[in-house]
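Here's coords-v3.cif, which has mmCIF, C-alpha atoms:
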data_structure
loop_
_atom_site.group_PDB
_atom_site.id
_atom_site.type_symbol
_atom_site.label_atom_id
_atom_site.label_comp_id
_atom_site.auth_asym_id
_atom_site.auth_seq_id
_atom_site.Cartn_x
_atom_site.Cartn_y
_atom_site.Cartn_z
ATOM 1 C CA MET A 1 5.878 -13.805 -0.002
ATOM 2 C CA LYS A 2 6.312 -11.748 -3.177
ATOM 3 C CA VAL A 3 3.140 -10.272 -4.715
ATOM 4 C CA GLU A 4 3.111 -8.840 -8.244
ATOM 5 C CA LEU A 5 0.957 -5.757 -8.791
ATOM 6 C CA TYR A 6 -0.601 -4.760 -12.109
ATOM 7 C CA GLY A 7 -2.781 -1.929 -13.361
ATOM 8 C CA MET A 8 -4.401 0.239 -10.719
ATOM 9 C CA ALA A 9 -2.703 -1.631 -7.867
ATOM 10 C CA ARG A 10 0.728 -0.913 -9.364
ATOM 11 C CA ALA A 11 -0.127 2.726 -10.048
ATOM 12 C CA LEU A 12 -1.433 3.334 -6.527
ATOM 13 C CA ALA A 13 1.383 1.491 -4.754
ATOM 14 C CA GLY A 14 4.053 2.966 -7.004
ATOM 15 C CA VAL A 15 5.858 -0.378 -7.243
ATOM 16 C CA ALA A 16 5.615 -3.497 -9.404
ATOM 17 C CA HIS A 17 5.743 -5.892 -6.468
ATOM 18 C CA VAL A 18 5.721 -6.016 -2.688
ATOM 19 C CA THR A 19 7.181 -8.587 -0.351
ATOM 20 C CA LEU A 20 4.944 -9.607 2.530
ATOM 21 C CA PRO A 21 6.377 -10.991 5.794
ATOM 22 C CA LEU A 22 4.152 -14.083 5.706
ATOM 23 C CA ASP A 23 4.861 -17.757 6.178
ATOM 24 C CA ASP A 24 2.809 -19.914 3.891
ATOM 25 C CA PRO A 25 0.214 -21.215 3.663
ATOM 26 C CA VAL A 26 -1.790 -18.122 4.476
ATOM 27 C CA ALA A 27 -5.537 -17.449 4.422
ATOM 28 C CA LEU A 28 -6.913 -14.753 2.137
ATOM 29 C CA ASN A 29 -7.853 -12.445 5.046
ATOM 30 C CA ASP A 30 -4.323 -12.542 6.450
ATOM 31 C CA PHE A 31 -2.879 -12.017 2.973
ATOM 32 C CA LEU A 32 -5.043 -8.938 2.361
ATOM 33 C CA ARG A 33 -4.243 -7.427 5.764
ATOM 34 C CA ALA A 34 -0.509 -7.871 5.155
ATOM 35 C CA LEU A 35 -0.838 -6.423 1.651
ATOM 36 C CA ALA A 36 -2.699 -3.387 3.007
ATOM 37 C CA GLU A 37 0.037 -2.850 5.613
ATOM 38 C CA ALA A 38 2.773 -3.132 2.969
ATOM 39 C CA ALA A 39 0.979 -0.879 0.470
ATOM 40 C CA PRO A 40 -1.561 1.297 2.331
ATOM 41 C CA ALA A 41 -2.359 3.249 -0.843
ATOM 42 C CA LEU A 42 -4.299 0.185 -2.051
ATOM 43 C CA VAL A 43 -7.057 0.890 0.486
ATOM 44 C CA PRO A 44 -9.913 1.663 -0.407
ATOM 45 C CA ASP A 45 -9.651 1.430 -4.222
ATOM 46 C CA VAL A 46 -8.100 -2.044 -4.497
ATOM 47 C CA ILE A 47 -8.546 -3.520 -1.015
ATOM 48 C CA ALA A 48 -11.846 -2.912 0.788
ATOM 49 C CA PRO A 49 -11.629 -0.741 3.942
ATOM 50 C CA SER A 50 -12.569 -3.825 5.986
ATOM 51 C CA LEU A 51 -9.342 -5.440 4.662
ATOM 52 C CA ASP A 52 -11.157 -8.697 3.948
ATOM 53 C CA ALA A 53 -11.807 -8.452 0.192
ATOM 54 C CA LEU A 54 -10.599 -6.918 -3.020
ATOM 55 C CA VAL A 55 -12.750 -4.215 -4.574
ATOM 56 C CA GLU A 56 -14.188 -5.318 -7.920
ATOM 57 C CA PRO A 57 -12.949 -5.488 -10.639
ATOM 58 C CA ASN A 58 -9.599 -6.165 -8.916
ATOM 59 C CA LEU A 59 -8.637 -9.819 -8.800
ATOM 60 C CA LEU A 60 -6.131 -12.000 -7.015
ATOM 61 C CA LEU A 61 -4.718 -14.581 -9.380
ATOM 62 C CA LEU A 62 -2.309 -17.380 -8.632
ATOM 63 C CA ASP A 63 0.438 -17.800 -11.223
ATOM 64 C CA GLY A 64 -1.421 -15.161 -13.237
ATOM 65 C CA ARG A 65 -3.846 -17.832 -14.409
ATOM 66 C CA ARG A 66 -6.368 -18.921 -11.837
ATOM 67 C CA ALA A 67 -8.446 -17.467 -9.080
ATOM 68 C CA LEU A 68 -8.268 -18.586 -5.494
ATOM 69 C CA ARG A 69 -10.833 -21.282 -4.717
ATOM 70 C CA ALA A 70 -13.059 -21.118 -1.630
ATOM 71 C CA GLY A 71 -11.131 -22.239 1.441
ATOM 72 C CA GLU A 72 -7.815 -22.403 -0.452
ATOM 73 C CA THR A 73 -4.716 -20.905 1.124
ATOM 74 C CA ILE A 74 -1.982 -18.953 -0.628
ATOM 75 C CA ARG A 75 1.601 -20.225 -0.797
ATOM 76 C CA CYS A 76 4.758 -18.477 -1.969
ATOM 77 C CA GLU A 77 5.073 -20.800 -4.946
ATOM 78 C CA ASP A 78 1.572 -19.761 -6.092
ATOM 79 C CA ASN A 79 3.095 -16.452 -7.288
ATOM 80 C CA PRO A 80 0.113 -14.310 -6.252
ATOM 81 C CA CYS A 81 -0.657 -11.240 -8.338
ATOM 82 C CA VAL A 82 -3.255 -8.490 -8.050
ATOM 83 C CA LEU A 83 -4.664 -7.068 -11.241
ATOM 84 C CA PHE A 84 -7.464 -4.902 -12.485
ATOM 85 C CA LEU A 85 -9.843 -6.685 -14.871
ATOM 86 C CA ALA A 86 -11.233 -4.018 -17.154
ATOM 87 C CA SER A 87 -14.129 -4.882 -19.393
ATOM 88 C CA GLY A 88 -14.741 -3.266 -22.710
ATOM 89 C CA GLY A 89 -17.949 -2.462 -24.379
#

Please express what this file holds, its structure, as structure tokens.
Amino acid sequence: MKVELYGMARALAGVAHVTLPLDDPVALNDFLRALAEAAPALVPDVIAPSLDALVEPNLLLLDGRRALRAGETIRCEDNPCVLFLASGG
């Protein structure tokens, strides 16, 4: 499963994307654990030390457009991406 990284995630990992050895569909917890194994530099600033959540304001978007819904699994064709949502003021 290919995961695109943007912003802080990309800077910390040093790559624009990572490929995870996952068969889909995959639950969020399994996705985050695999992502942390593939890019350990993402912990603790992007992925929580517990490996079960992203640290705000980092988001997981599917197809770069929508957030994962409760109970939804992630598939390869969802084109998951991790980005940093900065707010201005």

Quiz item: For this file, the PyMOL selection byres ((chain A and resi 28) around 8) selects which residues, as number ranges by chain?
Solution: A: 26-27, 29-32, 52, 73-74

Quiz item: From the list A:Leu62, A:Tyr6, A:Leu12, A:Leu54, which residue is nearest A:Arg75 when using only C-alpha atoms?
Solution: A:Leu62

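Shortest separation to A:Leu5 among A:Leu51, A:Cys76, A:Leu61, A:Leu68 occurs at residue A:Leu61, atoms counted being all atoms listed in the file.
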
Practice problem: Convert the output of the PyMOL selection byres ((chain A and resi 14) around 12) on the shown file into explicit residues, formatted as a PyMOL selection string. | Solution: chain A and resi 4-13+15-18+38-42

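Using all atoms listed in the file, the nearest neighbour of A:Glu77 within the list A:Ala36, A:Pro57, A:Asp63, A:Thr19 is A:Asp63.
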
Grab all the atoms of stretch 69-83 of chain A that the file lists, wrap them in a box along x, y and z, add 5 Å per side, and give me centre plus edge lengths in Å (one decimal) as lines of an AutoDock Vina configuration file.
center_x = -4.0
center_y = -14.7
center_z = -4.9
size_x = 28.1
size_y = 25.3
size_z = 22.7

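Atom to atom, atom CA of A:Arg33 and atom CA of A:Pro21 stand 11.2 Å apart.
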
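Distance-wise, atom CA of A:Lys2 and atom CA of A:Pro80 end up 7.4 Å apart.
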
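Distances from A:Pro25, A:Ala70, A:Met1, A:Pro44 to A:Glu56 were compared using only C-alpha atoms, and the smallest one belongs to A:Pro44.
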
Quiz item: When you draw a straight line from atom CA of A:Asp23 to atom CA of A:Asp45, how long is it in Å?
Solution: 26.2 Å

Reconstruct N, CA and C atoms of stretch 5-18 of chain A; output as a PDB file, in the frame of the given file.
ATOM      1  N   LEU A   5       2.064  -6.700  -8.659  1.00  0.00           N
ATOM      2  CA  LEU A   5       0.957  -5.757  -8.791  1.00  0.00           C
ATOM      3  C   LEU A   5       0.859  -5.290 -10.232  1.00  0.00           C
ATOM      4  N   TYR A   6      -0.355  -5.204 -10.740  1.00  0.00           N
ATOM      5  CA  TYR A   6      -0.601  -4.760 -12.109  1.00  0.00           C
ATOM      6  C   TYR A   6      -1.692  -3.709 -12.117  1.00  0.00           C
ATOM      7  N   GLY A   7      -1.709  -2.896 -13.155  1.00  0.00           N
ATOM      8  CA  GLY A   7      -2.781  -1.929 -13.361  1.00  0.00           C
ATOM      9  C   GLY A   7      -2.897  -0.926 -12.238  1.00  0.00           C
ATOM     10  N   MET A   8      -4.121  -0.742 -11.753  1.00  0.00           N
ATOM     11  CA  MET A   8      -4.401   0.239 -10.719  1.00  0.00           C
ATOM     12  C   MET A   8      -3.591  -0.032  -9.457  1.00  0.00           C
ATOM     13  N   ALA A   9      -3.459  -1.300  -9.076  1.00  0.00           N
ATOM     14  CA  ALA A   9      -2.703  -1.631  -7.867  1.00  0.00           C
ATOM     15  C   ALA A   9      -1.261  -1.141  -7.988  1.00  0.00           C
ATOM     16  N   ARG A  10      -0.651  -1.359  -9.138  1.00  0.00           N
ATOM     17  CA  ARG A  10       0.728  -0.913  -9.364  1.00  0.00           C
ATOM     18  C   ARG A  10       0.818   0.608  -9.346  1.00  0.00           C
ATOM     19  N   ALA A  11      -0.134   1.257  -9.996  1.00  0.00           N
ATOM     20  CA  ALA A  11      -0.127   2.726 -10.048  1.00  0.00           C
ATOM     21  C   ALA A  11      -0.288   3.329  -8.650  1.00  0.00           C
ATOM     22  N   LEU A  12      -1.198   2.808  -7.868  1.00  0.00           N
ATOM     23  CA  LEU A  12      -1.433   3.334  -6.527  1.00  0.00           C
ATOM     24  C   LEU A  12      -0.261   3.069  -5.581  1.00  0.00           C
ATOM     25  N   ALA A  13       0.285   1.860  -5.650  1.00  0.00           N
ATOM     26  CA  ALA A  13       1.383   1.491  -4.754  1.00  0.00           C
ATOM     27  C   ALA A  13       2.703   2.114  -5.196  1.00  0.00           C
ATOM     28  N   GLY A  14       2.823   2.386  -6.487  1.00  0.00           N
ATOM     29  CA  GLY A  14       4.053   2.966  -7.004  1.00  0.00           C
ATOM     30  C   GLY A  14       5.187   1.975  -7.161  1.00  0.00           C
ATOM     31  N   VAL A  15       4.861   0.689  -7.081  1.00  0.00           N
ATOM     32  CA  VAL A  15       5.858  -0.378  -7.243  1.00  0.00           C
ATOM     33  C   VAL A  15       5.240  -1.538  -8.009  1.00  0.00           C
ATOM     34  N   ALA A  16       6.087  -2.352  -8.630  1.00  0.00           N
ATOM     35  CA  ALA A  16       5.615  -3.497  -9.404  1.00  0.00           C
ATOM     36  C   ALA A  16       5.350  -4.720  -8.531  1.00  0.00           C
ATOM     37  N   HIS A  17       5.987  -4.775  -7.375  1.00  0.00           N
ATOM     38  CA  HIS A  17       5.743  -5.892  -6.468  1.00  0.00           C
ATOM     39  C   HIS A  17       6.030  -5.460  -5.033  1.00  0.00           C
ATOM     40  N   VAL A  18       5.445  -6.204  -4.110  1.00  0.00           N
ATOM     41  CA  VAL A  18       5.721  -6.016  -2.688  1.00  0.00           C
ATOM     42  C   VAL A  18       6.052  -7.378  -2.093  1.00  0.00           C
TER      43      VAL A  18
END
